[in-house]
Each structure stands twice: as C-alpha cells, then as structure tokens.
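Q: Please find my_file11.txt (compact mmCIF, C-alpha atoms) on the next line:
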# COMPACT_ATOMS: atom_id res chain seq x y z
CA MET A 2 0.00 0.00 0.00
CA SER A 3 2.77 2.38 1.05
CA LYS A 4 4.80 1.43 -2.01
CA ASP A 5 1.83 2.17 -4.29
CA ALA A 6 1.28 5.49 -2.55
CA GLY A 7 4.96 6.36 -3.01
CA MET A 8 4.82 5.52 -6.71
CA ALA A 9 1.58 7.48 -7.12
CA HIS A 10 3.25 10.49 -5.48
CA LEU A 11 6.20 10.24 -7.87
CA ASP A 12 3.90 9.87 -10.90
CA CYS A 13 1.92 12.90 -9.80
CA TYR A 14 5.13 14.97 -9.57
CA LEU A 15 6.31 13.79 -12.99
CA ASP A 16 2.91 14.58 -14.54
CA GLN A 17 3.22 18.13 -13.25
CA VAL A 18 6.72 18.42 -14.73
CA ARG A 19 5.34 17.11 -18.04
CA ARG A 20 2.53 19.68 -18.03
CA ASN A 21 5.04 22.48 -17.44
CA LEU A 22 7.17 21.25 -20.35
CA ARG A 23 4.46 22.06 -22.91
CA GLY A 24 6.06 23.46 -26.02
CA LEU A 25 8.75 20.78 -26.25
CA PRO A 26 8.33 17.87 -28.68
CA LYS A 27 6.86 14.76 -27.03
CA SER A 28 10.05 12.72 -27.55
CA GLU A 29 12.10 15.31 -25.59
CA THR A 30 9.47 15.56 -22.86
CA ASP A 31 9.42 11.76 -22.49
CA GLU A 32 13.22 11.72 -22.25
CA ILE A 33 13.33 14.39 -19.52
CA VAL A 34 10.57 12.74 -17.50
CA ALA A 35 12.18 9.28 -17.81
CA GLU A 36 15.50 10.65 -16.58
CA LEU A 37 13.88 12.37 -13.60
CA ARG A 38 12.04 9.16 -12.76
CA ALA A 39 15.30 7.18 -12.88
CA HIS A 40 16.98 9.83 -10.71
CA ALA A 41 14.24 9.69 -8.07
CA LEU A 42 14.22 5.87 -8.02
CA ASP A 43 18.03 5.79 -7.64
CA LYS A 44 17.84 8.34 -4.87
CA ILE A 45 15.32 6.42 -2.77
CA GLU A 46 17.25 3.15 -3.26
CA GLY A 47 14.19 0.95 -3.33
CA VAL A 48 12.46 2.47 -0.26
CA LEU A 49 9.35 3.61 -2.08
CA THR A 50 7.51 5.29 0.79
CA PRO A 51 5.76 8.65 0.32
CA ASN A 52 8.26 10.29 2.70
CA GLN A 53 11.28 8.98 0.81
CA VAL A 54 9.74 10.01 -2.51
CA GLU A 55 8.93 13.44 -1.11
CA ALA A 56 12.56 13.92 -0.01
CA ALA A 57 13.82 12.85 -3.44
CA ILE A 58 11.56 15.18 -5.40
CA ALA A 59 12.16 18.06 -2.98
CA ALA A 60 15.89 17.74 -3.77
CA LEU A 61 15.11 17.98 -7.49
CA GLY A 62 13.02 21.13 -7.12
CA SER A 63 9.42 22.11 -7.81
CA PRO A 64 7.89 20.77 -11.06
CA ARG A 65 7.74 24.31 -12.42
CA GLU A 66 11.40 25.04 -11.62
CA VAL A 67 12.62 21.74 -13.03
CA ALA A 68 10.58 22.13 -16.22
CA ARG A 69 11.62 25.74 -16.65
CA ALA A 70 15.35 24.92 -16.32
CA ASN A 71 15.11 22.08 -18.84
CA LEU A 72 12.96 24.04 -21.26
CA THR A 73 15.11 27.20 -21.32
CA GLU A 74 18.33 25.19 -21.63
CA ARG A 75 17.05 23.09 -24.53
CA VAL A 76 15.49 26.02 -26.39
CA ALA A 77 18.66 28.11 -25.90
CA ALA A 78 20.85 25.25 -27.21
CA GLU A 79 18.59 24.92 -30.26
CA VAL A 80 18.71 28.66 -30.94
CA GLU A 81 22.52 28.79 -30.54
CA ALA A 82 22.89 25.89 -32.99
CA ASP A 83 20.53 27.33 -35.62
CA ARG A 84 19.82 31.05 -35.52
CA SER A 85 17.39 31.11 -38.43
CA PRO A 86 14.43 33.47 -37.81
CA LEU A 87 12.03 30.51 -37.78
CA THR A 88 14.03 28.66 -35.09
CA VAL A 89 14.33 31.82 -32.99
CA LEU A 90 10.59 32.53 -33.32
CA ARG A 91 9.75 28.92 -32.41
CA GLY A 92 12.09 29.16 -29.40
CA VAL A 93 10.53 32.39 -28.14
CA GLY A 94 7.08 30.84 -28.69
CA ARG A 95 8.03 27.83 -26.54
CA LEU A 96 9.22 30.05 -23.70
CA MET A 97 6.35 32.53 -23.79
CA TRP A 98 4.27 30.78 -21.11
CA LEU A 99 7.10 30.62 -18.55
CA SER A 100 7.03 34.20 -17.30
CA LEU A 101 5.62 37.66 -17.90
CA TYR A 102 8.78 38.61 -19.76
CA GLY A 103 8.42 35.45 -21.86
CA LEU A 104 4.86 36.44 -22.75
CA PHE A 105 5.99 39.96 -23.65
CA ALA A 106 8.87 38.62 -25.77
CA GLY A 107 6.58 36.15 -27.54
CA LEU A 108 3.90 38.71 -28.34
CA ALA A 109 6.48 41.33 -29.40
CA SER A 110 8.20 38.79 -31.68
CA PHE A 111 4.97 37.71 -33.38
CA ALA A 112 3.93 41.37 -33.79
CA GLY A 113 7.38 42.36 -35.09
CA TYR A 114 7.58 39.60 -37.68
CA GLY A 115 3.94 40.21 -38.65
CA MET A 116 4.54 43.91 -39.22
CA ALA A 117 7.78 43.22 -41.13
CA ALA A 118 5.96 40.70 -43.36
CA ALA A 119 3.11 43.19 -43.99
CA LEU A 120 5.59 45.89 -45.06
CA LEU A 121 7.51 43.55 -47.38
CA VAL A 122 4.39 42.02 -48.95
CA THR A 123 2.87 45.45 -49.55
CA ALA A 124 6.09 46.64 -51.22
CA ALA A 125 6.30 43.48 -53.36
CA VAL A 126 2.66 43.64 -54.53
CA LYS A 127 2.59 47.39 -55.23
CA PRO A 128 4.08 47.27 -58.77
CA PHE A 129 1.55 44.64 -59.87
CA TRP A 130 -1.61 45.95 -58.15
CA ARG A 131 -0.85 49.56 -57.54
CA GLY A 132 -4.29 50.80 -56.48
CA HIS A 133 -4.74 48.02 -53.95
CA ALA A 134 -1.41 47.87 -52.06
CA GLY A 135 -0.21 50.65 -49.78
CA LEU A 136 -0.77 52.62 -46.58
CA TRP A 137 -4.16 54.29 -46.20
CA ARG A 138 -5.47 56.88 -43.80
CA ILE A 139 -9.10 56.14 -43.03
CA PRO A 140 -11.44 58.71 -41.43
CA GLU A 141 -13.13 57.41 -38.28
CA PRO A 142 -16.72 58.28 -37.28
CA ASP A 143 -15.43 60.12 -34.17
CA GLY A 144 -13.45 62.56 -36.33
CA GLY A 145 -10.05 60.88 -35.89
CA TYR A 146 -8.11 58.72 -38.33
CA GLY A 147 -7.19 55.06 -38.55
CA TYR A 148 -4.37 53.59 -40.64
CA ASP A 149 -4.41 50.46 -42.78
CA LEU A 150 -1.27 48.88 -44.24
CA GLY A 151 -1.33 46.02 -46.72
CA VAL A 152 -3.23 44.72 -49.72
CA SER A 153 -6.99 45.11 -50.05
CA ASP A 154 -9.61 44.37 -52.70
CA ALA A 155 -11.52 47.54 -51.86
CA PRO A 156 -9.22 50.05 -50.15
CA ARG A 157 -10.88 52.94 -48.26
CA GLY A 158 -9.52 56.35 -47.36
CA VAL A 159 -6.53 58.26 -48.72
CA GLU A 160 -3.35 56.51 -49.81
CA LEU A 161 -0.39 58.18 -48.10
CA LEU A 162 2.88 57.00 -49.65
CA GLY A 163 2.14 56.08 -53.27
CA TRP A 164 5.18 54.51 -54.94
CA TRP A 165 7.32 55.40 -51.91
CA ILE A 166 5.80 52.38 -50.17
CA ILE A 167 8.21 50.20 -52.20
CA PRO A 168 11.56 51.50 -50.85
CA ILE A 169 10.07 52.36 -47.46
CA GLY A 170 8.32 48.98 -47.15
CA ILE A 171 11.43 47.01 -48.13
CA GLY A 172 13.76 49.07 -45.90
CA ALA A 173 11.49 49.22 -42.87
CA GLY A 174 10.44 45.57 -43.28
CA LEU A 175 14.03 44.32 -43.38
CA VAL A 176 15.13 46.50 -40.44
CA LEU A 177 12.10 45.51 -38.34
CA GLY A 178 12.59 41.82 -39.18
CA TRP A 179 16.29 42.03 -38.22
CA LEU A 180 15.53 43.86 -34.97
CA THR A 181 12.83 41.31 -34.08
CA TRP A 182 15.25 38.44 -34.81
CA ARG A 183 17.97 40.00 -32.60
CA PHE A 184 15.43 40.68 -29.86
CA GLY A 185 14.35 37.03 -29.98
CA ILE A 186 17.94 35.76 -29.55
CA PHE A 187 18.52 38.27 -26.73
CA SER A 188 15.30 37.19 -24.99
CA VAL A 189 16.12 33.47 -25.13
CA ARG A 190 19.60 34.11 -23.68
CA LEU A 191 18.18 36.41 -21.02
CA MET A 192 15.62 33.83 -19.91
CA ARG A 193 18.31 31.13 -19.74
CA ARG A 194 20.59 33.36 -17.63
CA SER A 195 17.68 34.30 -15.38
CA THR A 196 16.77 30.63 -14.84
CA GLN A 197 20.40 29.71 -14.08
CA ARG A 198 20.67 32.56 -11.58
CA ASN A 199 17.44 31.60 -9.84
CA ARG A 200 18.57 27.99 -9.45
CA GLY A 201 21.88 29.03 -7.86
CA MET B 174 42.04 57.31 8.00
CA ASP B 175 39.01 55.04 7.82
CA LYS B 176 39.61 51.47 8.85
CA PRO B 177 39.08 49.09 5.85
CA GLN B 178 35.86 47.13 6.23
CA ALA B 179 35.72 43.35 5.86
CA ILE B 180 33.45 41.91 3.15
CA PRO B 181 30.09 40.89 4.71
CA SER B 182 29.73 37.10 5.02
CA ASP B 183 26.73 36.99 2.63
CA GLU B 184 28.80 38.81 -0.02
CA LEU B 185 31.62 36.34 0.57
CA GLY B 186 29.11 33.51 0.18
CA LYS B 187 27.90 34.91 -3.15
CA TRP B 188 31.48 35.24 -4.36
CA GLU B 189 32.19 31.64 -3.38
CA ILE B 190 29.09 30.45 -5.26
CA GLN B 191 30.22 32.32 -8.38
CA VAL B 192 33.69 30.75 -8.17
CA ARG B 193 32.20 27.28 -7.79
CA LYS B 194 29.73 27.84 -10.63
CA GLY B 195 32.61 28.92 -12.85
CA GLY B 196 34.34 25.61 -12.26
CA LEU B 197 31.21 23.43 -12.46
CA GLY B 198 31.38 22.73 -16.20
CA LEU B 199 35.03 21.70 -15.97
CA ALA B 200 34.31 19.55 -12.90
CA VAL B 201 31.49 17.65 -14.65
CA LEU B 202 33.59 17.02 -17.76
CA ALA B 203 36.57 15.96 -15.61
CA ILE B 204 34.42 13.50 -13.65
CA LEU B 205 33.40 11.88 -16.94
CA TRP B 206 37.03 11.59 -18.10
CA PRO B 207 37.71 8.00 -16.94
CA HIS B 208 34.30 6.41 -17.56
CA ARG B 209 30.61 6.92 -18.20
CA LEU B 210 28.34 7.88 -15.29
CA TYR B 211 24.64 8.59 -14.73
CA GLY B 212 23.21 11.80 -13.26
CA LEU B 213 23.07 10.88 -9.59
CA GLU B 214 26.59 9.41 -9.70
CA ILE B 215 27.88 12.67 -11.20
CA LEU B 216 26.20 14.65 -8.41
CA ARG B 217 27.67 12.38 -5.72
CA ARG B 218 31.16 12.57 -7.20
CA LEU B 219 30.90 16.37 -7.46
CA GLU B 220 30.10 16.53 -3.75
CA SER B 221 32.55 13.90 -2.48
CA ASP B 222 35.55 14.74 -4.71
CA ALA B 223 35.19 18.47 -5.32
CA GLY B 224 32.98 19.65 -2.45
CA LEU B 225 30.53 20.98 -5.05
CA SER B 226 26.98 20.68 -3.83
CA ILE B 227 24.46 21.86 -6.43
CA PRO B 228 20.65 21.63 -6.62
CA GLU B 229 19.97 18.18 -8.06
CA GLY B 230 17.63 19.40 -10.78
CA THR B 231 20.44 21.61 -12.14
CA ILE B 232 22.60 18.78 -13.42
CA TYR B 233 20.28 17.59 -16.20
CA PRO B 234 19.88 20.95 -18.00
CA LEU B 235 23.69 21.31 -17.79
CA LEU B 236 24.24 17.84 -19.26
CA SER B 237 21.63 18.57 -21.90
CA ARG B 238 23.54 21.71 -22.94
CA MET B 239 26.83 19.77 -23.03
CA LYS B 240 25.15 17.17 -25.22
CA ALA B 241 23.82 19.85 -27.58
CA GLU B 242 27.36 21.26 -27.79
CA GLY B 243 28.68 17.80 -28.68
CA LEU B 244 30.85 17.50 -25.56
CA VAL B 245 29.06 14.47 -24.12
CA ASP B 246 26.94 11.66 -25.47
CA SER B 247 24.31 9.62 -23.65
CA GLU B 248 22.71 6.20 -23.78
CA TRP B 249 19.99 4.41 -21.82
CA VAL B 250 21.21 1.25 -20.11
CA GLU B 251 19.11 -1.36 -18.34
CA ALA B 252 20.37 -1.51 -14.75
CA ASP B 253 20.21 -4.11 -11.97
CA ALA B 254 18.23 -1.53 -9.97
CA GLY B 255 15.15 -2.50 -11.99
CA HIS B 256 14.88 0.66 -14.05
CA PRO B 257 16.96 2.01 -16.94
CA ARG B 258 19.56 4.73 -16.34
CA LYS B 259 20.84 7.34 -18.72
CA TYR B 260 24.64 7.23 -18.81
CA TYR B 261 26.80 10.09 -20.04
CA ARG B 262 30.26 9.78 -21.55
CA LEU B 263 32.74 12.22 -23.04
CA THR B 264 32.92 12.50 -26.82
CA ASP B 265 36.24 13.10 -28.62
CA PRO B 266 35.53 16.86 -28.90
CA GLY B 267 34.58 16.75 -25.20
CA ARG B 268 37.97 15.23 -24.33
CA ALA B 269 39.77 17.87 -26.37
CA GLN B 270 37.72 20.57 -24.65
CA VAL B 271 38.37 19.30 -21.12
CA ARG B 272 42.13 19.11 -21.86
CA GLN B 273 42.10 22.77 -22.93
CA MET B 274 39.96 23.79 -19.98
CA ALA B 275 42.23 21.93 -17.53
CA LYS B 276 45.29 23.64 -19.03
CA SER B 277 43.71 27.10 -18.69
CA TRP B 278 42.48 26.36 -15.17
CA ARG B 279 45.91 25.16 -13.97
CA ALA B 280 47.66 28.22 -15.47
CA PHE B 281 45.12 30.49 -13.77
CA ALA B 282 45.32 28.63 -10.45
CA GLN B 283 49.15 28.67 -10.43
CA GLY B 284 49.20 32.41 -11.14
CA LEU B 285 46.68 33.05 -8.39
CA GLU B 286 48.61 30.80 -6.02
CA ARG B 287 51.73 32.95 -6.49
CA LEU B 288 49.69 36.05 -5.65
CA LEU B 289 48.24 34.38 -2.57
CA ALA B 290 51.58 33.12 -1.20
CA PRO B 291 52.40 36.35 0.74
CA ILE B 292 48.91 36.31 2.28
CA ASP B 293 49.54 32.83 3.68
CA SER B 294 52.87 33.90 5.23
CA ILE B 295 51.27 37.03 6.76
CA GLY B 296 48.48 34.84 8.12
CA ASP B 297 51.00 32.50 9.70
CA LYS B 298 52.73 35.36 11.54
CA THR B 299 49.55 36.85 12.99
If you convert what's in this file into structure tokens, what do you get?
A:
Amino acid sequence: MSKDAGMAHLDCYLDQVRRNLRGLPKSETDEIVAELRAHALDKIEGVLTPNQVEAAIAALGSPREVARANLTERVAAEVEADRSPLTVLRGVGRLMWLSLYGLFAGLASFAGYGMAAALLVTAAVKPFWRGHAGLWRIPEPDGGYGYDLGVSDAPRGVELLGWWIIPIGIGAGLVLGWLTWRFGIFSVRLMRRSTQRNRG
Amino acid sequence: MDKPQAIPSDELGKWEIQVRKGGLGLAVLAILWPHRLYGLEILRRLESDAGLSIPEGTIYPLLSRMKAEGLVDSEWVEADAGHPRKYYRLTDPGRAQVRQMAKSWRAFAQGLERLLAPIDSIGDKT
C-alpha cells in the first residue's frame, strides 16, 4: 500500500513536470521525465515510501522550476545551434508561457515579424496591383483617423505613400525583421541566464 | 584614516558560489574523463571529490547543454536496480575541450597561487 502510494506520489510529480514542459516535442518531454524518474528511483534506493519520494523530489526542485530549467536550456541550445528566424521565433514561442517577460517577448516577436511581413508584402505587390497595395489613412466616425497597411480588394480612405511604399516597405520591413530576430535571440539568452541565476 | 571594512559574510558567500559555478562545467567534464556515469553518480562525485553541492535538478539541463554542444553523449542502459539509467560519456571533442579547460584552469590557479603566497605567510605570523 505504502509502495503504491509512493509511486503514485512520484507519478503525480512527474505529470506536473510534463505539463510544465508544454512546447517541447513529445520525444524530448518523455526523455526528460524518464531521466527524472530514474533519478528519483536511484535516490530512494528501493524504499518507495511517500516520505522517501517526497525527499527525493524536494531535492530535485518544484515541477515548475525543473521544467523551466530544462525548457530554457534546450530552447537556448537549439537557438545557438541554428539562428534562423524561424528557429528563434519557435524558441521564443516555446518560452512565452514561462514568465511575464516570456509572454511579452513572444507577443512582441509575433507582432514584429507580422509587421515586417506586412511591409515587405505590400512593397512586393505594389508594382503589380498599384491601387490596392499601400498605406491608407481612413477617417473614423469620431473625427479621428485610422491607418491600414497592406493589400486590399476595396481600399478605403486616402493613400499616403504612393510609390514610396516600395523603398520604405522594403527598408522598414528588413530593419524591423532584423531587430525582431535580434530581440528574440537576446530574450532566449536572457531567460536562460535568469533561470540559471534563480537555481543558484 | 578610515579602517578598511571586511566583506560581509553573505557577499563572501555569493562570491564563493560564483567561483564554484565557474568551475562546475570543468568539474562535470573531468568526472566523466575515466568512464561513463549517470546523473546521480555525477552529483555524488561532485560533492565527495570536489565539495561541489548543487541543486539536483540543475545537473540535467547542464548535461543537456553539453550534449547539444557535442561534448558528451548519452545512452539508456538497463540496470540491476530494476529501471533504466541514462549514462553520459565524453565524446572526442569533449575530451579535447576538457584538456584545454584543464590547461587554462591550472595556469590560472598557479598564477593566483603565487599572488596568494604572501597572504599565507602574513596569516602565519599573525
């Protein structure tokens, strides 16, 4: 009975670690959880009581801490090995649920790449569909103005940049994409350093 | 003249942690030099041989990084304990790296030792 309770306690802990590892591929999650299980079983040396299990998992750290350390380390290693924008964006996306900063970095990265893509697409489409691609100023009912960038079947309002959208869109799109990419790498490194510091 | 103040013990503790953390990577690679080991064995050797006591959950992210960097390799082995264990061993690039790190560490430690020698002799006199 006590042995079953000890094993149930360990399984419960490992399930919580697994839940906090969301964002990693299943094969990597399985590997981390299997290694933690082996560690705990080695530590208790066959005495599978709830107290022994509790001591073993307390030495490992809380499920959130353990998952966070593994997740940031693996994502950072992946980003250092392949710094393509897609890998960096995927890495930031995997870390975005770990902390408020992670959420900010994730949202800022998606917004940055989205805006960069909108600028580049608008500039690329302009020569072929000139009345439908650009930046428009649209009057609002309250007397103010809204702005719409991109490609539209039925554009409204006044187009602001005309042909200038091509050089401006390409230049601003590339700069914004580069800045977003650098910010993503910086954020992943920062979150790894922060996790290492917190774990002493 | 103001009397020089001693470093508070918590500051000294932080400094000591930083020094130990700096040597942790080298210590783990050095422990794996003669043969493969699994996580808990590495932790026990760190504590018994080098006096390095680290939070247990810290070792696996560190090993994972070393694996991603190609310094160590790992394999699951069925053990007599009744469950499989993941063993780590040094790769050839890992061996080359630990040689270089050991060389740098020794040069640094010898230089520091020369600087510390007068402090020891002063300490003996007081």
Q: For each of A:Arg23, A:Arg183, A:Arg193, A:Arg138, take the minimum atom-to-atom distance to chain B, counting all atoms listed in the file, then give the residue where this is smallest.
A: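 Closest residue, counting all atoms listed in the file: A:Arg193.
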Q: Return the single residue from A:Gly135, A:Gly172, A:Gly92, A:Gly47 that is closest to Val80 (chain A), with distances computed using all atoms listed in the file.
A: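 Ranked by minimum distance to Val80 (chain A), first place goes to A:Gly92.
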Q: Find the residue from B:Gly224, B:Pro257, B:Pro207, B:Gly198 that sits nearest to Leu236 (chain B); use all atoms listed in the file when measuring.
A: B:Gly198
Q: Can you work out the spacing between CA of Ala78 (chain A) and CA of Ser237 (chain B) in Å, to one decimal?
A: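 Here the two named atoms are 8.6 Å from each other.
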Q: Hey, what's within 10 Å of region 276-284 of chain B if we count only C-alpha atoms and toss same-chain stuff fewer than 6 positions away? As a ChimeraX atom specification, please?
A: /B:196,199,270
Q: Which residue out of A:Asp5, A:Glu74, A:Glu55, A:Asp149 has the minimum interatomic distance to chain B when only C-alpha atoms are used?
A: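 Closest candidate: A:Glu74.
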Q: Could you give me, as a list of chain:residue names, the residues within 6 Å of Leu244 (chain B), counting only C-alpha atoms and dropping anything in the same chain fewer than 6 positions from it?
A: B:Thr264, B:Pro266, B:Gly267
Q: Quick check: residues of chain B within 8 Å of chain A, all atoms listed in the file, returned as a PDB file with C-alpha atoms, in the coordinates of the input.
A:
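File written: selection_35.pdb
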ATOM      1  CA  ILE B 190      29.090  30.450  -5.260  1.00  0.00           C
ATOM      2  CA  GLY B 212      23.210  11.800 -13.260  1.00  0.00           C
ATOM      3  CA  LEU B 213      23.070  10.880  -9.590  1.00  0.00           C
ATOM      4  CA  ILE B 227      24.460  21.860  -6.430  1.00  0.00           C
ATOM      5  CA  PRO B 228      20.650  21.630  -6.620  1.00  0.00           C
ATOM      6  CA  GLU B 229      19.970  18.180  -8.060  1.00  0.00           C
ATOM      7  CA  GLY B 230      17.630  19.400 -10.780  1.00  0.00           C
ATOM      8  CA  THR B 231      20.440  21.610 -12.140  1.00  0.00           C
ATOM      9  CA  TYR B 233      20.280  17.590 -16.200  1.00  0.00           C
ATOM     10  CA  PRO B 234      19.880  20.950 -18.000  1.00  0.00           C
ATOM     11  CA  LEU B 235      23.690  21.310 -17.790  1.00  0.00           C
ATOM     12  CA  SER B 237      21.630  18.570 -21.900  1.00  0.00           C
ATOM     13  CA  ARG B 238      23.540  21.710 -22.940  1.00  0.00           C
ATOM     14  CA  ALA B 241      23.820  19.850 -27.580  1.00  0.00           C
ATOM     15  CA  GLU B 242      27.360  21.260 -27.790  1.00  0.00           C
ATOM     16  CA  ALA B 254      18.230  -1.530  -9.970  1.00  0.00           C
ATOM     17  CA  HIS B 256      14.880   0.660 -14.050  1.00  0.00           C
ATOM     18  CA  PRO B 257      16.960   2.010 -16.940  1.00  0.00           C
ATOM     19  CA  ARG B 258      19.560   4.730 -16.340  1.00  0.00           C
ATOM     20  CA  LYS B 259      20.840   7.340 -18.720  1.00  0.00           C
TER      21      LYS B 259
END
Q: What separation in Å, quoted to one decimal, exists between CA of Ala56 (chain A) and CA of Tyr260 (chain B)?
A: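 Separation of CA of Ala56 (chain A) and CA of Tyr260 (chain B): 23.3 Å.
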Q: Between CA of Arg268 (chain B) and CA of Leu202 (chain B), what is the distance in Å, rounded to a tenth?
A: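 Separation of CA of Arg268 (chain B) and CA of Leu202 (chain B): 8.1 Å.
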Q: My list of candidates is A:Leu22, A:Leu191, A:Ala109, A:Val34. Which is closest to Arg95 (chain A) when distances are computed with all atoms listed in the file?
A: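 Checking each of A:Leu22, A:Leu191, A:Ala109, A:Val34 against Arg95 (chain A), counting all atoms listed in the file, the winner is A:Leu22.
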Q: Set up a box along x, y and z of the file covering all listed atoms of region 14-32 of chain A, add 8 Å on every one of the six sides, and write the centre and edge lengths in Å to one decimal, as AutoDock Vina command-line options.
A:
--center_x 7.9 --center_y 17.6 --center_z -19.1 --size_x 26.7 --size_y 27.7 --size_z 35.1
Q: Which is closest to Leu162 (chain A) among A:Leu104, A:Trp179, A:Leu87, A:Ala134, if we use all atoms listed in the file?
A: A:Ala134
Q: Find the residues near Leu121 (chain A): any atom within 8 Å, counting all atoms listed in the file, skip ones fewer than 3 places away on the same chain, and give them as a ChimeraX atom specification.
A: /A:117-118,124-125,170-171,174-175
